[in-house]
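> Questions regarding the structure given below will be posed in turn.
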Amino acid sequence: MTPVHPPAPHHRTALSVNINKVALLRNTRHLGIPDVLRAAELCLQAGAQGITVHPRPDERHIRKDDVYELAALMKDWPDREFNVEGNPLQNLMEFVRNLSARGLPLHQCTFVPDGESQFTSDHGWSFPDDAARLKPLIEEVHGRGVRVSLFMDPLPEAMAAAKEVGADRVELYTETYARAWGTVDKDKVLNQFALAGRAAAAINLGVNAGHDLNRDNLAEFIHAVPGVMEVSIGHALIADALELGYSATVAAYLGCIDNAFTVA
Ligand SMILES: CC(=O)[C@@H](O)[C@H](O)COP(=O)(O)O
Ligand SMILES: NCC(=O)COP(=O)(O)O
């Protein structure tokens, strides 16, 4: 199948669509609609460079079977990325081990320090406190050929510790930026993210970003924070898709990313 939009050139920020919220709606009936596999396929056809899911222990949205079925779908899209988020001290490692045992694709794990039934992610890992328990888990994930990204608050001084435990990337937790967008605090907050991004880049730690990014705030973020390799976007993007459809919505977000690279 020919994608509407080709995979991103390597120097551009990749868009990974988080489809948690499609599953959330599906789970309110026993009819299987909206279909998460169909959602993923439509986003990939529209040019999204990856699919993200965050299977929470309470299965309020993404369920175990979804992860394996999505991974099987991703086999048909070898140039796209499958990213599974979660807490490796809860359920995430089970997915890593089973996907690996079944020979199914998994390209990136994003370790997120969420509680069992947390409302949504709201903080990053804390160093040095979390270092000793993360290190062997990161080694295990690497042993299965999967990249590890650590969900982190935008603290420049914490980037070295993330690198030290073996992370390949950090995902900067962008809710504070999203909240500040459109207020007098925006430039100050954005500068904090830029400093964190630079601190990561200086030690060869890749930078992803996510949480509450949307069509209004995305381009400015990518423009200000150098070298963002990937953004994972779910809530706002799926809300937009309810109005515009997946294809137009993904195209709009890819357009925001393109704009970030073209505006002066
Ligand atoms: C790590 C992160 O920011 C995302 O996982 C986000 O929290 C989506 O999770 P929910 O869709 O469950 O809110
Ligand atoms: N890692 C962030 C993510 O996948 C999506 O977060 P959100 O856009 O649903 O807030």
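Just so we're on the same page: first chain in the structure tokens is A, next is B, and so on; residues restart at 1 for each chain, and ligands are numbered from 1 in the order they show up.
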Neighbours of ligand 1 within 7 Å, counting only C-alpha atoms and all ligand atoms, as JSON, numbers by chain?
{"A": [20, 21, 54, 56, 85, 112, 119, 120, 121, 151, 173, 210, 211, 234, 235]}
> Convert the current residue selection to file output with C-alpha atoms, as a short mmCIF file (atom, residue, chain, number, x, y, z; two decimals), in the first residue's frame.

```
data_model
loop_
_atom_site.label_atom_id
_atom_site.label_comp_id
_atom_site.auth_asym_id
_atom_site.auth_seq_id
_atom_site.Cartn_x
_atom_site.Cartn_y
_atom_site.Cartn_z
CA ASN A 20 -4.92 5.00 23.55
CA LYS A 21 -8.01 7.15 23.22
CA HIS A 54 0.48 2.98 26.73
CA ARG A 56 -1.99 0.64 31.59
CA GLU A 85 5.04 3.07 26.92
CA VAL A 112 7.16 5.98 32.44
CA PHE A 119 -5.17 9.35 35.86
CA THR A 120 -2.51 10.18 33.28
CA SER A 121 1.28 10.51 33.26
CA PHE A 151 10.09 9.88 30.40
CA TYR A 173 7.29 15.51 29.48
CA GLY A 210 5.16 14.24 24.44
CA HIS A 211 2.08 14.97 26.51
CA GLY A 234 -2.54 11.08 21.36
CA HIS A 235 -5.24 12.96 23.18
#
```
> Residues contacting ligand 2 - anything with an atom at most 10 Å away, using only C-alpha atoms and all ligand atoms - can you give me those as a PyMOL selection string?
chain A and resi 16-21+51-54+83-86+110-112+120-122+151+171-175+178+208-214+230-239
> Pick out each residue of stretch 147-234 of chain A that DSSP on the backbone tags as alpha helix (DSSP H); I need them as a VMD selection string.
chain A and resid 159 to 164 175 to 180 186 to 202 218 to 224
> Check the smallest atom-to-atom distance from each of A:Gly143, A:Ala14, A:Ile222, A:Asn98 to A:Gly47 using only C-alpha atoms, then report the winner.
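Of A:Gly143, A:Ala14, A:Ile222, A:Asn98, the one nearest A:Gly47, counting only C-alpha atoms, is A:Ala14.
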> Which residue is closest to A:Gly245? Choose from A:Asn91, A:Ala131, A:Ala39, A:Gly32 and count only C-alpha atoms.
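Looking only at the distances to A:Gly245, the closest residue turns out to be A:Ala39.
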> What does the structure give for the distance between atom CA of A:Leu99 and atom CA of A:Leu15, in Å to one decimal?
22.6 Å
> With only C-alpha atoms as the atoms that count, which of A:Asp258, A:Val228, A:Asn217, A:Ser149 lies nearest to A:Ala180?
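Among the listed residues, A:Asn217 lies closest to A:Ala180.
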> Give me, as a PyMOL selection string, all polymer residues having an atom no more than 10 Å from stretch 133-136 of chain A, counting only C-alpha atoms and skipping those fewer than 4 positions away in the same chain.
chain A and resi 88-89+111+125+129+140-142+150+162+164-167
> Restricting the calculation to only C-alpha atoms: of A:Ser100, A:Thr28, A:Asn204, A:Thr13, which residue gets closest to A:Phe221?
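Closest candidate: A:Thr13.
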> Could you name the residues that touch A:Val189 at 7 Å or less, counting only C-alpha atoms, but leaving out those on the same chain fewer than 4 positions away, as number ranges by chain?
A: 177, 180, 185, 193
> Take the residues that were just selected and, keeping N, CA and C atoms, output them as an mmCIF file, in the first residue's frame.

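After the write, part-v9.cif holds the following:
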```cif
data_model
loop_
_atom_site.group_PDB
_atom_site.id
_atom_site.type_symbol
_atom_site.label_atom_id
_atom_site.label_comp_id
_atom_site.auth_asym_id
_atom_site.auth_seq_id
_atom_site.Cartn_x
_atom_site.Cartn_y
_atom_site.Cartn_z
ATOM 1 N N TYR A 177 4.843 22.787 29.311
ATOM 2 C CA TYR A 177 4.888 23.670 28.127
ATOM 3 C C TYR A 177 3.481 23.898 27.582
ATOM 4 N N ALA A 180 1.645 26.322 29.591
ATOM 5 C CA ALA A 180 2.176 27.684 29.518
ATOM 6 C C ALA A 180 1.929 28.330 28.161
ATOM 7 N N ASP A 185 4.140 33.086 30.489
ATOM 8 C CA ASP A 185 5.211 32.186 30.956
ATOM 9 C C ASP A 185 5.816 31.336 29.844
ATOM 10 N N PHE A 193 12.892 23.750 28.369
ATOM 11 C CA PHE A 193 12.922 22.558 27.511
ATOM 12 C C PHE A 193 14.106 22.607 26.549
#
```
> Could you pull the residues within 7 Å of A:Ala251, counting only C-alpha atoms, minus those fewer than 4 positions along the same chain, as a VMD selection string?
chain A and resid 46 247 255
> Which residues come within 10 Å of A:Met74, counting only C-alpha atoms, excluding same-chain residues fewer than 6 positions away, as JSON, numbers by chain?
{"A": [37, 40, 41, 44, 50, 51, 68, 80, 81, 82, 104, 105, 106]}
> Could you write those residues out with N, CA and C atoms, as a compact mmCIF listing (two decimals), in the first residue's frame?

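The resulting file, out_39.txt, is shown below:
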```
# COMPACT_ATOMS: atom_id res chain seq x y z
N LEU A 37 -6.91 -1.24 15.44
CA LEU A 37 -6.03 -1.64 14.33
C LEU A 37 -6.29 -0.78 13.09
N ALA A 40 -4.79 2.62 13.63
CA ALA A 40 -3.33 2.61 13.41
C ALA A 40 -3.02 2.59 11.92
N GLU A 41 -3.75 1.73 11.20
CA GLU A 41 -3.49 1.59 9.77
C GLU A 41 -3.76 2.91 9.03
N LEU A 44 -0.97 5.33 9.73
CA LEU A 44 0.24 4.98 8.98
C LEU A 44 0.08 5.29 7.50
N GLY A 50 5.07 6.46 13.18
CA GLY A 50 5.02 5.42 14.19
C GLY A 50 3.69 5.38 14.90
N ILE A 51 3.52 4.32 15.67
CA ILE A 51 2.35 4.15 16.52
C ILE A 51 2.83 3.95 17.95
N TYR A 68 -0.34 -6.97 21.07
CA TYR A 68 0.19 -8.02 20.19
C TYR A 68 -0.40 -7.89 18.78
N ARG A 80 8.24 1.83 9.72
CA ARG A 80 7.61 2.64 10.76
C ARG A 80 7.96 2.05 12.13
N GLU A 81 7.69 2.83 13.17
CA GLU A 81 8.15 2.44 14.52
C GLU A 81 6.97 2.11 15.44
N PHE A 82 7.16 1.07 16.22
CA PHE A 82 6.18 0.72 17.26
C PHE A 82 6.80 1.06 18.61
N LEU A 104 7.69 -10.58 17.31
CA LEU A 104 6.91 -9.43 16.83
C LEU A 104 7.71 -8.14 17.01
N PRO A 105 7.49 -7.16 16.14
CA PRO A 105 8.30 -5.94 16.22
C PRO A 105 8.00 -5.06 17.43
N LEU A 106 9.05 -4.54 17.98
CA LEU A 106 8.99 -3.50 19.02
C LEU A 106 10.28 -2.71 18.84
```
